[in-house]
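S.K.: Dropping the structure in here first, questions after.
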Amino acid sequence: MGWNRKILRINLTDATIKTEPLNMDWAQKYLGQRGLATKYLVEEIDPTVDPLSPANKMIFATGPLTGTAASTGGRYSVITKGALTNAIACSNSGGYFGAELKFAGWDMIIFEGKAAKPVYLTVIDDKVELHDASQIWGRSVWDTDEWIKKRHQDPMMHISAIGVAGENQVLYSCIVNDLHRAAGRSGVGAVMGSKNLKAVAVRGTKGVKVKDGMRFLRAARDAKKVLQENAVTGAGLPTYGTQVLMNVINEAGAMPTRNHREVQFEGAHDISAEAMATPRKSDGQKNLQTNQACFGCTIACGRISKIDEKHFSIQNKPQYWHASGGLEYEAAWALGSNTGVNDLEALTMVNFVCNEQGLDPISFGATVSAAMELYDLGLLTQEMTGGIDLKFGSAEALVKCAELTGKAEGFGKELGLGSLRLCKKYGRPELSMSVKGQEFPAYDSRGIQGMGLTYATSNRGACHLRSYTVSSEILGIPEKTDPLATDGKAALVKAFQDATAAVDSSGLCVFTTFAWTLNDIAPQVDAACEGEWSPERMLEMGERIWNMERVFNNKAGFTAKDDQLPPRLTTEPAQTGPAKGLVNGLDKMLPEYYALRGWTSEGVPTNETLSRLAL
Amino acid sequence: MTTSTAAIPVTLKLYASLGVFLPSGSVRNEAKVSVPNGTSVEALLDQYGVPREACHLVLLNGIFQPPASRGGVILKSGDAVAVWPPVAGG
């Protein structure tokens with residue numbers, strides 16, 4: 001139970017739809033979602049496959065708690081080989097799509113091959129069909145959502161789609177569900193586009209069964225109480241959202257600014273949660289309209305924003321005049337301080353465009369930032385950008401870049417390559433702030449040392465959600481550690497990575513871990529699923545998943561040389577703030593990390609480690 | 001010559017729900033204030049009525065101040081104290 005024990009296999013090349021039982025032996029080792037779908041992927045594809053070729057596969061996967069009464073139990077993930085990174089990719093999203101897929105009776109959908117012409121898939125309980133998508137190919141995520149609901153006369157459908165960015169195989173394009181929730185990173189949208197798959201629309205009416213209903217409800221109730229009574233998940237996140245970090249991280253001197261040239265942004269307050277909640281001078285309205293929850297979530301950290309209709313960025317563009325998904329911290333940082341832009345309305349507009357066209361705002365913002373540095377150095381000229389004056393701090397340039405990138409028009413075509421390929425093209429690969437080709441999130445690792453190791457070793461390329469040591473190093477959750485120290489960070493990163501892999505395989509949101517530990521999560525899994533699921537077993541499973549992903553990457557060609565940070569982080573000291581004079585101490589942390597992992601000095605899991613983890 | 005009772009300028013920054021404790025007229029969640037020489041971080045926050053239990057994250061010039069040390073850390077001229085209630089993000 002928890003699992004529906006059924007999966008869909010869609011071969012897009014020959015348009016066949018098959019059902020098969022979920023491999024329950026694997027479910028006992030990998031639980032669901034990230035872990036279980038990764039097991040399917042690594043068993044079924046060649047790790048060296050071109051991610052944009054028909055030989056790559058793409059899996060939409062739920063966890064056993066997706067669609068249940070557990071708080072935040074609405075998550076699903078897209079697992080594939082990443083277009084941006086050529087590494088294992090797992091992008092996780094909230095909203096309502098994942099729960100709906102479970103209600104329809106399925107645990108996951110495996111997509112194979114490539115359709116001859118654009119198609120979309122509908123899953124209405126047991127009725128599963130492929131349809132011609134020629135009328136929505138070339139249209140936005142938002143138009144696609146509306147068109148499919150009208151076409152099938154069902155406003156209750158939940159739809160996951162690519163925008164034009166995915167169709168054009170922008171390498172950091174994402175998959176957007178429920179209009180503004182996204183499987184955001186590593187270019188999963190480009191993989192979907194390469195398969196000529198425009199959208200997946202689901203409608204389910206079956207509900208989800210659990211092993212022991214009464215025990216599950218008690219466990220879920222107890223865990224909800226923990227979230228409610230915790231000051232962060234019960235009050236801080238719903239009220240201020242993730243954007244409250246803008247001033248925190250800036251004050252701590254870890255705010256990447258102007259492509260990581262600096263670590264503090266003078267305009268941080270202008271684009272913060274506090275600014276979003278303050279009436280604008282221009283029209284007296286607040287940018288932030290309300291918060292919003294995903295399926296089953298009792299935290300409700302989502303932001304719904306509305307842009308001033310007179311703002312230059314949306315004049316005569318009514319598609320942006322309504323309230324929609326607003327800035328989260330990661331988007332606000334990447335589009336804001338990293339480009340030097342402090343115009344909150346412009347950032348919100350660009351965030352809307354990212355949702356509409358299906359772009360990862362982190363990688364998009366970071367790529368624009370890298371281009372701005374190339375422009376600043378004279379390696380890009382206004383002629384080469386098609387007339388865009390690509391100065392740091394230019395809101396106009398940022399907006400123009402957003403409008404061109406998803407459509408792959410003009411200079412947007414180059415921005416769609418991502419920062420590493422762009423910087424290589426202009427002879428300065430070291431100016432790409434990325435690991436394994438994926439751009440950094442919102443923390444400068446000179447000011448938060450553990451995040452340097454997190455980025456360097458993340459299996460899907462630089463990522464904060466694989467090991468959020470900010471929680472400990474800055475926020476003091478579960479306990480405070482010194483952000484400027486390297487001692488103890490290898491163990492901290494490993495612990496976060498293993499626990500997060502377990503959470504990502506359950507169907508729950510990782511934000512619960514600001515209040516929950518595996519001691520709160522395991523009883524819910526144990527009551528819902530066959531097998532005895534203790535916190536210890538879940539942690540071991542997390543370690544197994546991490547190593548499985550690593551082995552895939554090693555086979556795909558990644559080595560210890562790919563576990564490195566750009567030289568800016570390790571040779572150019574921070575100029576201001578608490579980290580002034582410091583670089584990231586990755587060289588001190590990485591060997592200890594390999595040893596703790598049971599890997600060789602080349603970053604390869606030893607046979608003993610693989611055997612211990614039953615891999 | 002500075003005496004023990006001379007006032008020194010410091011910057012007080014109160015964020016999220018703590019913004020209401022800033023002096024009126026404050027902008028961008030901060031205020032330049034004067035405190036007597038010898039004032040501790042904790043005394044500054046007490047002076048502005050910020051509930052101690054709400055002071056989850058206290059940074060002095062960007063450096064975390066654990067609750068136990070806030071009463072013993074004496075402010076210097078030009079220091080910046082930034083405070084948040086329990087918050088998180090990602």
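As shown in the structure tokens, the chain order sets the letters A, B, ...; within each chain, residues go from 1, and ligands are also counted from 1 in the order they appear.
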Near Ala80 of chain B, within 8 Å and counting only C-alpha atoms, which residues show up once chain neighbours fewer than 4 positions away are dropped, as a PDB file with N, CA and C atoms, in the first residue's frame?

M.R.:
ATOM      1  N   VAL B  10      25.032  53.057  16.430  1.00  0.00           N
ATOM      2  CA  VAL B  10      24.977  51.688  15.893  1.00  0.00           C
ATOM      3  C   VAL B  10      23.775  51.597  14.953  1.00  0.00           C
ATOM      4  N   THR B  11      23.779  50.569  14.141  1.00  0.00           N
ATOM      5  CA  THR B  11      22.642  50.346  13.239  1.00  0.00           C
ATOM      6  C   THR B  11      21.839  49.152  13.740  1.00  0.00           C
ATOM      7  N   LEU B  12      20.552  49.366  13.899  1.00  0.00           N
ATOM      8  CA  LEU B  12      19.639  48.302  14.331  1.00  0.00           C
ATOM      9  C   LEU B  12      18.797  47.879  13.134  1.00  0.00           C
ATOM     10  N   LYS B  13      18.825  46.594  12.831  1.00  0.00           N
ATOM     11  CA  LYS B  13      18.058  46.063  11.695  1.00  0.00           C
ATOM     12  C   LYS B  13      17.125  44.974  12.220  1.00  0.00           C
ATOM     13  N   LEU B  60      25.688  40.052  14.562  1.00  0.00           N
ATOM     14  CA  LEU B  60      26.429  41.281  14.851  1.00  0.00           C
ATOM     15  C   LEU B  60      27.485  41.426  13.762  1.00  0.00           C
ATOM     16  N   ASN B  61      27.325  42.421  12.929  1.00  0.00           N
ATOM     17  CA  ASN B  61      28.193  42.589  11.751  1.00  0.00           C
ATOM     18  C   ASN B  61      28.258  41.297  10.928  1.00  0.00           C
ATOM     19  N   GLY B  62      27.135  40.631  10.866  1.00  0.00           N
ATOM     20  CA  GLY B  62      27.020  39.423  10.052  1.00  0.00           C
ATOM     21  C   GLY B  62      27.383  38.141  10.775  1.00  0.00           C
TER      22      GLY B  62
END

S.K.: Can you work out which residues from chain A touch chain B at a cut-off of 8 Å (counting only C-alpha atoms) and hand them back as a CSV table (one decimal) with C-alpha atoms, in the first residue's frame?

M.R.:
chain,number,residue,atom,x,y,z
A,231,ALA,CA,8.0,28.6,14.5
A,232,VAL,CA,9.6,28.2,11.1
A,236,GLY,CA,7.9,32.0,9.3
A,237,LEU,CA,7.5,30.2,6.0
A,240,TYR,CA,7.3,35.4,4.5
A,241,GLY,CA,8.1,32.5,2.3
A,242,THR,CA,11.6,31.6,1.2
A,243,GLN,CA,12.3,35.2,0.2
A,244,VAL,CA,12.9,36.2,3.8
A,245,LEU,CA,16.4,34.8,3.2
A,251,GLU,CA,23.8,40.3,6.0
A,252,ALA,CA,25.8,37.0,6.5
A,253,GLY,CA,28.0,38.0,3.5
A,269,HIS,CA,16.3,44.9,0.6
A,270,ASP,CA,14.6,46.2,-2.5
A,273,ALA,CA,10.2,39.4,1.3
A,274,GLU,CA,9.9,42.6,3.3
A,329,TYR,CA,14.3,33.3,-2.9
A,330,GLU,CA,16.2,31.3,-5.5
A,464,HIS,CA,21.2,23.5,-2.8
A,465,LEU,CA,18.4,21.0,-2.4
A,468,TYR,CA,20.9,22.3,2.5
A,471,SER,CA,19.9,25.2,7.5
A,474,ILE,CA,23.1,30.0,9.0
A,475,LEU,CA,19.7,29.2,10.4
A,511,PHE,CA,10.9,21.9,3.6
A,514,PHE,CA,13.0,22.5,9.0
A,577,GLY,CA,31.3,40.9,5.2
A,578,PRO,CA,32.1,38.1,7.7

S.K.: How many Å lie between atom CA of Arg258 of chain A and atom CA of Leu359 of chain A, rounded to one decimal?

M.R.: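 Separation of atom CA of Arg258 of chain A and atom CA of Leu359 of chain A: 20.4 Å.
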
S.K.: Work out how far atom CA of Gln289 of chain A is from atom CA of Glu328 of chain A, in Å to one decimal.

M.R.: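 Computing it gives 13.7 Å between the two atoms.
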
S.K.: Of the residues A:Gly476, A:Gly450, A:Gly204, A:Gly95, which is the one nearest to Ala491 of chain A, using only C-alpha atoms?

M.R.: A:Gly450

S.K.: Quick check for you: according to DSSP on this backbone, which residues of chain B are classed as strand (DSSP E)? Reply as a VMD selection string.

M.R.: chain B and resid 7 to 14 30 to 36 57 to 60 63 to 64 80 to 84
